[in-house]
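Participant: Contents of final_8.cif (mmCIF, C-alpha atoms and all ligand atoms; chains and numbers go by the auth columns):
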```cif
data_final
loop_
_atom_site.group_PDB
_atom_site.id
_atom_site.type_symbol
_atom_site.label_atom_id
_atom_site.label_comp_id
_atom_site.label_asym_id
_atom_site.label_seq_id
_atom_site.Cartn_x
_atom_site.Cartn_y
_atom_site.Cartn_z
_atom_site.B_iso_or_equiv
_atom_site.auth_seq_id
_atom_site.auth_asym_id
ATOM 1 C CA MET A 1 -29.406 -55.028 180.625 0.00 214 A
ATOM 2 C CA GLN A 2 -26.130 -56.806 180.043 0.00 215 A
ATOM 3 C CA TRP A 3 -25.317 -60.449 179.552 0.00 216 A
ATOM 4 C CA SER A 4 -24.259 -62.089 182.785 0.00 217 A
ATOM 5 C CA LYS A 5 -22.671 -65.374 183.773 0.00 218 A
ATOM 6 C CA ASN A 6 -25.942 -66.822 185.096 0.00 219 A
ATOM 7 C CA LEU A 7 -27.231 -66.808 181.514 0.00 220 A
ATOM 8 C CA GLU A 8 -24.485 -69.219 180.447 0.00 221 A
ATOM 9 C CA LEU A 9 -25.883 -72.591 179.414 0.00 222 A
ATOM 10 C CA GLY A 10 -22.739 -74.604 178.716 0.00 223 A
ATOM 11 C CA VAL A 11 -23.229 -74.935 174.965 0.00 224 A
ATOM 12 C CA ALA A 12 -20.459 -72.730 173.587 0.00 225 A
ATOM 13 C CA LYS A 13 -22.048 -71.745 170.287 0.00 226 A
ATOM 14 C CA ILE A 14 -25.357 -70.781 171.850 0.00 227 A
ATOM 15 C CA ASP A 15 -23.733 -68.892 174.707 0.00 228 A
ATOM 16 C CA ALA A 16 -21.565 -66.900 172.283 0.00 229 A
ATOM 17 C CA GLN A 17 -24.589 -65.945 170.199 0.00 230 A
ATOM 18 C CA HIS A 18 -26.617 -64.959 173.257 0.00 231 A
ATOM 19 C CA LYS A 19 -23.761 -62.729 174.394 0.00 232 A
ATOM 20 C CA GLU A 20 -23.594 -61.100 170.985 0.00 233 A
ATOM 21 C CA LEU A 21 -27.321 -60.377 171.075 0.00 234 A
ATOM 22 C CA PHE A 22 -26.932 -58.578 174.400 0.00 235 A
ATOM 23 C CA VAL A 23 -23.921 -56.626 173.105 0.00 236 A
ATOM 24 C CA GLN A 24 -25.894 -55.489 170.057 0.00 237 A
ATOM 25 C CA ALA A 25 -29.017 -54.625 172.053 0.00 238 A
ATOM 26 C CA ASP A 26 -26.860 -52.658 174.467 0.00 239 A
ATOM 27 C CA LYS A 27 -25.435 -50.603 171.592 0.00 240 A
ATOM 28 C CA LEU A 28 -28.930 -49.204 171.080 0.00 241 A
ATOM 29 C CA LEU A 29 -28.610 -47.302 174.352 0.00 242 A
ATOM 30 C CA ASP A 30 -24.977 -46.309 173.872 0.00 243 A
ATOM 31 C CA ARG A 31 -24.718 -42.605 173.104 0.00 244 A
ATOM 32 C CA SER A 32 -21.534 -43.034 171.103 0.00 245 A
ATOM 33 C CA GLN A 33 -23.325 -45.545 168.855 0.00 246 A
ATOM 34 C CA GLN A 34 -26.403 -43.422 168.287 0.00 247 A
ATOM 35 C CA SER A 35 -25.721 -42.628 164.638 0.00 248 A
ATOM 36 C CA ARG A 36 -25.463 -46.353 163.955 0.00 249 A
ATOM 37 C CA ILE A 37 -28.857 -47.332 165.383 0.00 250 A
ATOM 38 C CA PRO A 38 -30.393 -48.222 162.010 0.00 251 A
ATOM 39 C CA GLN A 39 -27.442 -50.494 161.229 0.00 252 A
ATOM 40 C CA THR A 40 -27.563 -52.060 164.683 0.00 253 A
ATOM 41 C CA LEU A 41 -31.270 -52.795 164.333 0.00 254 A
ATOM 42 C CA ASP A 42 -30.693 -54.225 160.920 0.00 255 A
ATOM 43 C CA PHE A 43 -27.900 -56.403 162.220 0.00 256 A
ATOM 44 C CA LEU A 44 -30.049 -57.577 165.151 0.00 257 A
ATOM 45 C CA LYS A 45 -32.899 -58.449 162.839 0.00 258 A
ATOM 46 C CA GLY A 46 -30.665 -60.770 160.822 0.00 259 A
ATOM 47 C CA TYR A 47 -28.664 -62.097 163.743 0.00 260 A
ATOM 48 C CA VAL A 48 -31.748 -63.135 165.697 0.00 261 A
ATOM 49 C CA VAL A 49 -32.918 -65.272 162.788 0.00 262 A
ATOM 50 C CA LYS A 50 -29.452 -66.741 162.357 0.00 263 A
ATOM 51 C CA HIS A 51 -29.244 -67.534 166.075 0.00 264 A
ATOM 52 C CA PHE A 52 -32.675 -69.149 166.224 0.00 265 A
ATOM 53 C CA SER A 53 -31.836 -71.315 163.198 0.00 266 A
ATOM 54 C CA ALA A 54 -28.593 -72.415 164.838 0.00 267 A
ATOM 55 C CA GLU A 55 -30.413 -73.312 168.039 0.00 268 A
ATOM 56 C CA GLU A 56 -33.146 -75.137 166.161 0.00 269 A
ATOM 57 C CA ALA A 57 -30.540 -77.058 164.155 0.00 270 A
ATOM 58 C CA LEU A 58 -29.073 -78.367 167.413 0.00 271 A
ATOM 59 C CA GLN A 59 -32.584 -79.291 168.551 0.00 272 A
ATOM 60 C CA LYS A 60 -33.104 -81.196 165.352 0.00 273 A
ATOM 61 C CA ILE A 61 -29.900 -83.230 165.488 0.00 274 A
ATOM 62 C CA SER A 62 -30.541 -84.093 169.138 0.00 275 A
ATOM 63 C CA LEU A 63 -34.202 -84.995 168.455 0.00 276 A
ATOM 64 C CA TYR A 64 -35.388 -82.532 171.097 0.00 277 A
ATOM 65 C CA PRO A 65 -39.033 -83.413 171.797 0.00 278 A
ATOM 66 C CA LYS A 66 -40.036 -79.822 172.545 0.00 279 A
ATOM 67 C CA ALA A 67 -38.557 -78.447 169.305 0.00 280 A
ATOM 68 C CA PRO A 68 -41.921 -77.515 167.724 0.00 281 A
ATOM 69 C CA PHE A 69 -43.000 -75.643 170.857 0.00 282 A
ATOM 70 C CA HIS A 70 -39.629 -73.908 171.088 0.00 283 A
ATOM 71 C CA HIS A 71 -39.835 -72.929 167.440 0.00 284 A
ATOM 72 C CA GLY A 72 -43.195 -71.311 168.176 0.00 285 A
ATOM 73 C CA LEU A 73 -41.577 -69.151 170.861 0.00 286 A
ATOM 74 C CA HIS A 74 -38.939 -68.035 168.376 0.00 287 A
ATOM 75 C CA VAL A 75 -41.595 -67.155 165.812 0.00 288 A
ATOM 76 C CA ASP A 76 -43.417 -65.056 168.438 0.00 289 A
ATOM 77 C CA PHE A 77 -40.240 -63.153 169.138 0.00 290 A
ATOM 78 C CA VAL A 78 -39.486 -62.522 165.480 0.00 291 A
ATOM 79 C CA ASN A 79 -43.003 -61.149 165.019 0.00 292 A
ATOM 80 C CA LYS A 80 -42.670 -58.894 168.061 0.00 293 A
ATOM 81 C CA PHE A 81 -39.325 -57.650 166.828 0.00 294 A
ATOM 82 C CA LYS A 82 -40.625 -56.996 163.326 0.00 295 A
ATOM 83 C CA LYS A 83 -43.524 -55.002 164.711 0.00 296 A
ATOM 84 C CA LEU A 84 -41.216 -52.768 166.730 0.00 297 A
ATOM 85 C CA TYR A 85 -38.783 -52.519 163.824 0.00 298 A
ATOM 86 C CA ASP A 86 -41.583 -51.233 161.587 0.00 299 A
ATOM 87 C CA GLN A 87 -42.564 -48.789 164.311 0.00 300 A
ATOM 88 C CA PHE A 88 -38.979 -47.567 164.368 0.00 301 A
ATOM 89 C CA LEU A 89 -39.004 -47.014 160.618 0.00 302 A
ATOM 90 C CA SER A 90 -42.234 -45.021 160.714 0.00 303 A
ATOM 91 C CA ALA A 91 -41.795 -43.205 164.034 0.00 304 A
ATOM 92 C CA GLY A 92 -40.993 -39.538 164.268 0.00 305 A
ATOM 93 C CA GLU A 93 -39.744 -39.885 167.833 0.00 306 A
ATOM 94 C CA LYS A 94 -37.367 -42.783 167.381 0.00 307 A
ATOM 95 C CA LEU A 95 -35.720 -42.803 170.795 0.00 308 A
ATOM 96 C CA THR A 96 -38.827 -44.124 172.575 0.00 309 A
ATOM 97 C CA VAL A 97 -39.099 -47.003 170.108 0.00 310 A
ATOM 98 C CA VAL A 98 -35.396 -47.760 170.376 0.00 311 A
ATOM 99 C CA MET A 99 -35.701 -47.969 174.158 0.00 312 A
ATOM 100 C CA ALA A 100 -38.730 -50.215 173.818 0.00 313 A
ATOM 101 C CA ILE A 101 -36.788 -52.475 171.464 0.00 314 A
ATOM 102 C CA ASN A 102 -33.868 -52.666 173.858 0.00 315 A
ATOM 103 C CA SER A 103 -36.047 -53.634 176.784 0.00 316 A
ATOM 104 C CA MET A 104 -38.194 -56.071 174.783 0.00 317 A
ATOM 105 C CA VAL A 105 -35.134 -57.827 173.365 0.00 318 A
ATOM 106 C CA THR A 106 -33.174 -58.071 176.607 0.00 319 A
ATOM 107 C CA ASN A 107 -36.149 -59.014 178.813 0.00 320 A
ATOM 108 C CA TRP A 108 -37.471 -61.569 176.376 0.00 321 A
ATOM 109 C CA LEU A 109 -34.014 -63.075 175.919 0.00 322 A
ATOM 110 C CA LYS A 110 -33.307 -63.266 179.620 0.00 323 A
ATOM 111 C CA ASP A 111 -36.598 -65.020 180.369 0.00 324 A
ATOM 112 C CA HIS A 112 -36.320 -67.254 177.325 0.00 325 A
ATOM 113 C CA ILE A 113 -32.719 -68.258 178.055 0.00 326 A
ATOM 114 C CA LEU A 114 -33.297 -68.992 181.724 0.00 327 A
ATOM 115 C CA VAL A 115 -36.336 -71.176 181.130 0.00 328 A
ATOM 116 C CA HIS A 116 -36.586 -72.586 177.619 0.00 329 A
ATOM 117 C CA ASP A 117 -33.006 -72.480 176.349 0.00 330 A
ATOM 118 C CA LYS A 118 -31.765 -73.792 179.667 0.00 331 A
ATOM 119 C CA GLU A 119 -34.141 -76.728 179.453 0.00 332 A
ATOM 120 C CA PHE A 120 -32.916 -77.465 175.962 0.00 333 A
ATOM 121 C CA ALA A 121 -29.213 -76.989 176.811 0.00 334 A
ATOM 122 C CA ASP A 122 -29.467 -79.408 179.749 0.00 335 A
ATOM 123 C CA TYR A 123 -31.156 -81.927 177.478 0.00 336 A
ATOM 124 C CA TYR A 124 -28.595 -81.370 174.698 0.00 337 A
ATOM 125 C CA ILE A 125 -25.556 -81.701 176.968 0.00 338 A
ATOM 126 C CA LYS A 126 -26.896 -84.957 178.402 0.00 339 A
ATOM 127 C CA LYS A 127 -28.053 -86.372 175.100 0.00 340 A
ATOM 128 C CA MET A 128 -24.828 -85.609 173.253 0.00 341 A
ATOM 129 C CA GLY A 129 -22.656 -86.681 176.174 0.00 342 A
ATOM 130 C CA LEU A 130 -21.010 -83.266 176.411 0.00 343 A
ATOM 131 C CA GLN A 131 -19.175 -82.055 179.431 0.00 344 A
ATOM 132 C CA LYS A 132 -20.780 -79.063 181.105 0.00 345 A
ATOM 133 C CA ARG A 133 -18.147 -76.345 181.314 0.00 346 A
HETATM 134 FE FE FE B . -34.392 -70.423 172.126 0.00 401 B
#
```
Starting from the coordinates I provided, produce the structure as structure tokens.
Ligand SMILES: [Fe+2]

Facilitator:
Amino acid sequence: MQWSKNLELGVAKIDAQHKELFVQADKLLDRSQQSRIPQTLDFLKGYVVKHFSAEEALQKISLYPKAPFHHGLHVDFVNKFKKLYDQFLSAGEKLTVVMAINSMVTNWLKDHILVHDKEFADYYIKKMGLQKR
């Protein structure tokens, strides 16, 4: 699954990071990138944490009331990802796990962005008096 325009929230930094996550997840299924799967997974693991911190920092400065709940969703994702990442490390048949990671990451992100990040972005844009692009 690729990033698409309907996932754009109007907060440039968050949108750019969401796009990057889709690009990286997509690499997992790209034949020409197959030898780099361990590096891609490693990058994703770090980038997800970095992205969530950036999002949570914006929630903090804008006093977003649902920040603790949203943080909980991020923690759930990190745990899910870690579980699959460990499976990847220990699996003999890695392709199945890689495909599971790709679909977990992209499906979770899509649902999360459209509901929870969108709710936050709308709040943030209004609260900070930003212009929606
Ligand atoms: Fe989020």

Participant: Expanded to explicit residues, what is the PyMOL selection byres (((chain A and resi 221) around 12) and not hetatm) for this file, as an mmCIF file with C-alpha atoms, in the coordinates of the input?

Facilitator:
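The resulting file, result28.cif, is shown below:
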```cif
data_model
loop_
_atom_site.group_PDB
_atom_site.id
_atom_site.type_symbol
_atom_site.label_atom_id
_atom_site.label_comp_id
_atom_site.auth_asym_id
_atom_site.auth_seq_id
_atom_site.Cartn_x
_atom_site.Cartn_y
_atom_site.Cartn_z
ATOM 1 C CA TRP A 216 -25.317 -60.449 179.552
ATOM 2 C CA SER A 217 -24.259 -62.089 182.785
ATOM 3 C CA LYS A 218 -22.671 -65.374 183.773
ATOM 4 C CA ASN A 219 -25.942 -66.822 185.096
ATOM 5 C CA LEU A 220 -27.231 -66.808 181.514
ATOM 6 C CA LEU A 222 -25.883 -72.591 179.414
ATOM 7 C CA GLY A 223 -22.739 -74.604 178.716
ATOM 8 C CA VAL A 224 -23.229 -74.935 174.965
ATOM 9 C CA ALA A 225 -20.459 -72.730 173.587
ATOM 10 C CA LYS A 226 -22.048 -71.745 170.287
ATOM 11 C CA ILE A 227 -25.357 -70.781 171.850
ATOM 12 C CA ASP A 228 -23.733 -68.892 174.707
ATOM 13 C CA ALA A 229 -21.565 -66.900 172.283
ATOM 14 C CA GLN A 230 -24.589 -65.945 170.199
ATOM 15 C CA HIS A 231 -26.617 -64.959 173.257
ATOM 16 C CA LYS A 232 -23.761 -62.729 174.394
ATOM 17 C CA LYS A 323 -33.307 -63.266 179.620
ATOM 18 C CA ILE A 326 -32.719 -68.258 178.055
ATOM 19 C CA LEU A 327 -33.297 -68.992 181.724
ATOM 20 C CA ASP A 330 -33.006 -72.480 176.349
ATOM 21 C CA LYS A 331 -31.765 -73.792 179.667
ATOM 22 C CA ALA A 334 -29.213 -76.989 176.811
ATOM 23 C CA ASP A 335 -29.467 -79.408 179.749
ATOM 24 C CA LYS A 345 -20.780 -79.063 181.105
ATOM 25 C CA ARG A 346 -18.147 -76.345 181.314
#
```

Participant: Distance atom CA of Ser248 of chain A-atom CA of His287 of chain A, one decimal place?

Facilitator: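 Atom-to-atom, atom CA of Ser248 of chain A to atom CA of His287 of chain A, that is 28.9 Å.
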
Participant: Return as a list in words the residues of protein, DNA or RNA that approach ligand FE 401 (chain B) to within 10 Å, with all atoms listed in the file taken into account.

Facilitator: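 Counting all atoms listed in the file, the residues within 10 Å of ligand FE 401 (chain B) come out as Ile227, His231, His264, Phe265, Ser266, Ala267, Glu268, Glu269, Gln272, Ala280, His283, His284, Gly285, Leu286, His287, Phe290, Leu322, His325, Ile326, Leu327, Val328, His329, Asp330, Lys331, Glu332, Phe333 and Ala334 of chain A.
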
Participant: Using all atoms listed in the file, which residue out of A:Lys293, A:Tyr298, A:Ile314, A:Thr309 lies closest to Lys240 of chain A?

Facilitator: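 Under the stated criterion, the closest residue is A:Ile314.
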
Participant: Residues around (-33.2, -48.3, 171.0), cut-off 9 Å, counting only C-alpha atoms - what are they as an MDAnalysis selection string?

Facilitator: chainID A and resid 238:243 247 250 254 301 307:316

Participant: Report, in Å with one decimal, the straight-line distance from atom CA of Lys339 of chain A to atom CA of Leu276 of chain A.

Facilitator: 12.3 Å

Participant: Report the distance between atom CA of Ala304 of chain A and atom CA of Arg249 of chain A in Å, rounded to one decimal place.

Facilitator: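 A separation of 16.6 Å between them.
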
Participant: Using all atoms of segment 223-230 of chain A listed in the file and a margin of 6 Å per side, can you give the axis-aligned box centre and edge lengths in Å to one decimal, as lines of an AutoDock Vina configuration file?

Facilitator:
```
center_x = -22.9
center_y = -70.4
center_z = 174.5
size_x = 16.9
size_y = 21.0
size_z = 20.5
```

Participant: Identify which of the residues A:Leu302, A:Met341, A:Ala270, A:Val261 lies closest to Val288 of chain A, counting all atoms listed in the file when measuring atom-to-atom distances.

Facilitator: A:Val261
